[in-house]
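This report refers to the structure that appears directly beneath it.
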Amino acid sequence: MRTVVAIHNTVNERTWREILTWEKEYPECLNGLKLVRFGGRPDEPTAKARFYGAMGYKPPFDRHDWVVERCGKEVRGRRAFEPWACPRQAEAAVRGSA
């Protein structure tokens, strides 16, 4: 179970770093940026995931939607973790070395 928790924490930490990277487009709001909600939606694949699945690829690791508070307003985001897009990074995340 410790391994599962470690993987989950690694994925969540990497996700937050990615969210911060995307939110850099709004530098005036970064200091007060807050995560309001974050949830997995693995049973609702994105269009890209459905396309790659039709091409014979394995489905993505997971999909998460989030809501951040940016400059006092709630803003939604969506990201699918797609190992076919960057297999080395996905493998490193699972090993905990990302």
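By order in the structure tokens, chains are A, B, ...; within a chain, residues start at 1; ligands start at 1, following the order shown.
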**Message:** Can you tell me which residues surround stretch 17-22 of chain A at a distance of at most 12 Å, considering only C-alpha atoms, apart from same-chain residues fewer than 6 positions away, and format the answer as a list in words?
**Reply:**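 Once the nearby chain positions are removed, what remains is Thr10, Val11, Cys29, Leu30, Asn31, Gly32, Leu33, Lys34, Leu35, Phe38, His64, Asp65, Trp66, Val67, Val68, Glu69, Arg70, Val75, Arg76, Gly77, Arg78, Arg79, Ala80, Phe81 and Ala98 of chain A.
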Go ahead and save the residues from that selection, with N, CA, C and O atoms, as a short mmCIF file (atom, residue, chain, number, x, y, z; two decimals), in the first residue's frame.
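Done, and the output landed in out_25.cif:
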data_model
loop_
_atom_site.label_atom_id
_atom_site.label_comp_id
_atom_site.auth_asym_id
_atom_site.auth_seq_id
_atom_site.Cartn_x
_atom_site.Cartn_y
_atom_site.Cartn_z
N THR A 10 3.10 11.26 -5.95
CA THR A 10 3.98 11.74 -7.02
C THR A 10 3.16 12.31 -8.16
O THR A 10 3.46 13.39 -8.68
N VAL A 11 2.11 11.61 -8.55
CA VAL A 11 1.26 12.08 -9.65
C VAL A 11 0.59 13.40 -9.27
O VAL A 11 0.56 14.35 -10.05
N CYS A 29 -1.60 36.65 -10.95
CA CYS A 29 -2.45 35.87 -10.05
C CYS A 29 -1.71 34.71 -9.37
O CYS A 29 -2.30 34.02 -8.54
N LEU A 30 -0.47 34.47 -9.73
CA LEU A 30 0.23 33.28 -9.21
C LEU A 30 0.37 33.28 -7.70
O LEU A 30 0.25 32.23 -7.07
N ASN A 31 0.65 34.41 -7.09
CA ASN A 31 0.88 34.42 -5.64
C ASN A 31 -0.34 33.99 -4.85
O ASN A 31 -0.23 33.37 -3.81
N GLY A 32 -1.52 34.30 -5.33
CA GLY A 32 -2.74 33.95 -4.62
C GLY A 32 -3.46 32.74 -5.18
O GLY A 32 -4.59 32.45 -4.78
N LEU A 33 -2.83 32.02 -6.11
CA LEU A 33 -3.48 30.87 -6.75
C LEU A 33 -3.81 29.79 -5.71
O LEU A 33 -2.96 29.43 -4.89
N LYS A 34 -5.03 29.30 -5.76
CA LYS A 34 -5.47 28.26 -4.83
C LYS A 34 -6.16 27.14 -5.60
O LYS A 34 -6.91 27.41 -6.54
N LEU A 35 -5.90 25.92 -5.19
CA LEU A 35 -6.60 24.77 -5.75
C LEU A 35 -7.92 24.62 -4.99
O LEU A 35 -7.93 24.44 -3.77
N PHE A 38 -10.04 19.13 -7.11
CA PHE A 38 -9.21 18.31 -7.98
C PHE A 38 -9.78 16.91 -7.92
O PHE A 38 -9.94 16.35 -6.84
N HIS A 64 -7.84 14.07 -15.02
CA HIS A 64 -8.23 14.85 -13.85
C HIS A 64 -8.79 16.19 -14.29
O HIS A 64 -8.31 16.78 -15.25
N ASP A 65 -9.78 16.65 -13.59
CA ASP A 65 -10.29 18.00 -13.77
C ASP A 65 -9.99 18.76 -12.49
O ASP A 65 -9.98 18.18 -11.40
N TRP A 66 -9.73 20.04 -12.62
CA TRP A 66 -9.46 20.84 -11.44
C TRP A 66 -10.12 22.19 -11.58
O TRP A 66 -10.46 22.62 -12.66
N VAL A 67 -10.28 22.83 -10.44
CA VAL A 67 -10.77 24.20 -10.38
C VAL A 67 -9.79 24.96 -9.51
O VAL A 67 -9.47 24.52 -8.40
N VAL A 68 -9.28 26.07 -10.03
CA VAL A 68 -8.41 26.93 -9.24
C VAL A 68 -9.09 28.26 -9.03
O VAL A 68 -9.97 28.65 -9.80
N GLU A 69 -8.69 28.93 -7.98
CA GLU A 69 -9.13 30.30 -7.77
C GLU A 69 -8.00 31.20 -8.24
O GLU A 69 -6.91 31.19 -7.69
N ARG A 70 -8.28 31.91 -9.33
CA ARG A 70 -7.28 32.79 -9.95
C ARG A 70 -7.81 34.22 -9.86
O ARG A 70 -8.83 34.55 -10.44
N VAL A 75 -11.77 29.06 -11.86
CA VAL A 75 -11.47 28.73 -13.25
C VAL A 75 -11.25 27.22 -13.33
O VAL A 75 -10.50 26.64 -12.55
N ARG A 76 -11.91 26.57 -14.30
CA ARG A 76 -11.79 25.12 -14.49
C ARG A 76 -10.63 24.79 -15.42
O ARG A 76 -10.33 25.53 -16.34
N GLY A 77 -10.05 23.61 -15.19
CA GLY A 77 -9.01 23.09 -16.06
C GLY A 77 -9.21 21.60 -16.24
O GLY A 77 -9.92 20.96 -15.47
N ARG A 78 -8.58 21.05 -17.25
CA ARG A 78 -8.72 19.62 -17.53
C ARG A 78 -7.41 19.12 -18.12
O ARG A 78 -6.78 19.77 -18.93
N ARG A 79 -7.02 17.92 -17.66
CA ARG A 79 -5.79 17.34 -18.17
C ARG A 79 -5.90 15.83 -18.16
O ARG A 79 -6.33 15.25 -17.17
N ALA A 80 -5.52 15.20 -19.23
CA ALA A 80 -5.43 13.74 -19.28
C ALA A 80 -3.95 13.38 -19.24
O ALA A 80 -3.16 13.95 -19.99
N PHE A 81 -3.57 12.49 -18.37
CA PHE A 81 -2.20 12.03 -18.31
C PHE A 81 -2.06 10.94 -19.36
O PHE A 81 -2.61 9.86 -19.21
N ALA A 98 10.68 11.36 -11.12
CA ALA A 98 10.37 12.50 -12.00
C ALA A 98 10.67 13.80 -11.32
O ALA A 98 10.62 13.95 -10.14
#
**Asked** What is the atom CA of A:Arg63 to atom CA of A:Glu28 distance in Å?
**Response**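 For atom CA of A:Arg63 relative to atom CA of A:Glu28, the distance reads 27.9 Å.
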**Asked** Looking at only C-alpha atoms, which of A:Pro27, A:Pro59, A:Gly40, A:Gly53 is the one that sits closest to A:Cys71?
**Response**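 The answer is A:Pro27, which sits nearest to A:Cys71.
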**Message:** as a ChimeraX atom specification, please: every residue in stretch 45-74 of chain A that a backbone DSSP assignment puts in helix (DSSP H, G or I).
**Reply:** /A:47-54
Hey, can you spit out that residue selection with all heavy atoms as an mmCIF file, in the first residue's frame?
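Written out: out_15.cif:
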data_model
loop_
_atom_site.group_PDB
_atom_site.id
_atom_site.type_symbol
_atom_site.label_atom_id
_atom_site.label_comp_id
_atom_site.auth_asym_id
_atom_site.auth_seq_id
_atom_site.Cartn_x
_atom_site.Cartn_y
_atom_site.Cartn_z
ATOM 1 N N ALA A 47 -11.221 13.351 -26.110
ATOM 2 C CA ALA A 47 -11.295 13.021 -27.544
ATOM 3 C C ALA A 47 -9.975 12.420 -28.016
ATOM 4 O O ALA A 47 -9.957 11.458 -28.791
ATOM 5 C CB ALA A 47 -11.649 14.267 -28.348
ATOM 6 N N LYS A 48 -8.866 12.965 -27.540
ATOM 7 C CA LYS A 48 -7.552 12.445 -27.923
ATOM 8 C C LYS A 48 -7.394 11.003 -27.439
ATOM 9 O O LYS A 48 -6.886 10.147 -28.167
ATOM 10 C CB LYS A 48 -6.445 13.318 -27.335
ATOM 11 C CG LYS A 48 -5.055 12.889 -27.725
ATOM 12 C CD LYS A 48 -4.022 13.855 -27.170
ATOM 13 C CE LYS A 48 -2.623 13.450 -27.558
ATOM 14 N NZ LYS A 48 -1.618 14.376 -27.023
ATOM 15 N N ALA A 49 -7.831 10.720 -26.220
ATOM 16 C CA ALA A 49 -7.730 9.361 -25.677
ATOM 17 C C ALA A 49 -8.587 8.390 -26.490
ATOM 18 O O ALA A 49 -8.167 7.259 -26.768
ATOM 19 C CB ALA A 49 -8.155 9.351 -24.213
ATOM 20 N N ARG A 50 -9.788 8.820 -26.881
ATOM 21 C CA ARG A 50 -10.647 7.953 -27.702
ATOM 22 C C ARG A 50 -10.002 7.691 -29.055
ATOM 23 O O ARG A 50 -10.018 6.569 -29.566
ATOM 24 C CB ARG A 50 -12.028 8.581 -27.862
ATOM 25 C CG ARG A 50 -12.860 8.534 -26.588
ATOM 26 C CD ARG A 50 -14.317 8.911 -26.831
ATOM 27 N NE ARG A 50 -14.485 10.230 -27.417
ATOM 28 C CZ ARG A 50 -14.572 11.368 -26.728
ATOM 29 N NH1 ARG A 50 -14.509 11.342 -25.417
ATOM 30 N NH2 ARG A 50 -14.726 12.517 -27.346
ATOM 31 N N PHE A 51 -9.396 8.724 -29.651
ATOM 32 C CA PHE A 51 -8.734 8.573 -30.949
ATOM 33 C C PHE A 51 -7.582 7.573 -30.853
ATOM 34 O O PHE A 51 -7.487 6.643 -31.649
ATOM 35 C CB PHE A 51 -8.231 9.930 -31.443
ATOM 36 C CG PHE A 51 -7.387 9.828 -32.683
ATOM 37 C CD1 PHE A 51 -7.974 9.631 -33.923
ATOM 38 C CD2 PHE A 51 -6.011 9.913 -32.613
ATOM 39 C CE1 PHE A 51 -7.195 9.525 -35.071
ATOM 40 C CE2 PHE A 51 -5.229 9.806 -33.751
ATOM 41 C CZ PHE A 51 -5.819 9.610 -34.984
ATOM 42 N N TYR A 52 -6.696 7.781 -29.863
ATOM 43 C CA TYR A 52 -5.561 6.876 -29.714
ATOM 44 C C TYR A 52 -6.023 5.453 -29.381
ATOM 45 O O TYR A 52 -5.417 4.483 -29.817
ATOM 46 C CB TYR A 52 -4.584 7.390 -28.658
ATOM 47 C CG TYR A 52 -3.593 8.371 -29.225
ATOM 48 C CD1 TYR A 52 -3.820 9.732 -29.165
ATOM 49 C CD2 TYR A 52 -2.423 7.935 -29.828
ATOM 50 C CE1 TYR A 52 -2.921 10.643 -29.686
ATOM 51 C CE2 TYR A 52 -1.511 8.822 -30.361
ATOM 52 C CZ TYR A 52 -1.760 10.179 -30.291
ATOM 53 O OH TYR A 52 -0.866 11.064 -30.808
ATOM 54 N N GLY A 53 -7.099 5.325 -28.605
ATOM 55 C CA GLY A 53 -7.648 4.004 -28.315
ATOM 56 C C GLY A 53 -8.111 3.311 -29.583
ATOM 57 O O GLY A 53 -7.879 2.118 -29.774
ATOM 58 N N ALA A 54 -8.742 4.067 -30.474
ATOM 59 C CA ALA A 54 -9.198 3.508 -31.747
ATOM 60 C C ALA A 54 -8.022 3.079 -32.619
ATOM 61 O O ALA A 54 -8.152 2.182 -33.451
ATOM 62 C CB ALA A 54 -10.066 4.522 -32.489
#
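Across the structure, atom CA of A:Thr15 and atom CA of A:Arg2 are spaced 19.8 Å apart.
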**Request:** Would you mind reading off the distance between atom CA of A:Asn12 and atom CA of A:Tyr57, one decimal, in Å?
**Result:** 24.0 Å
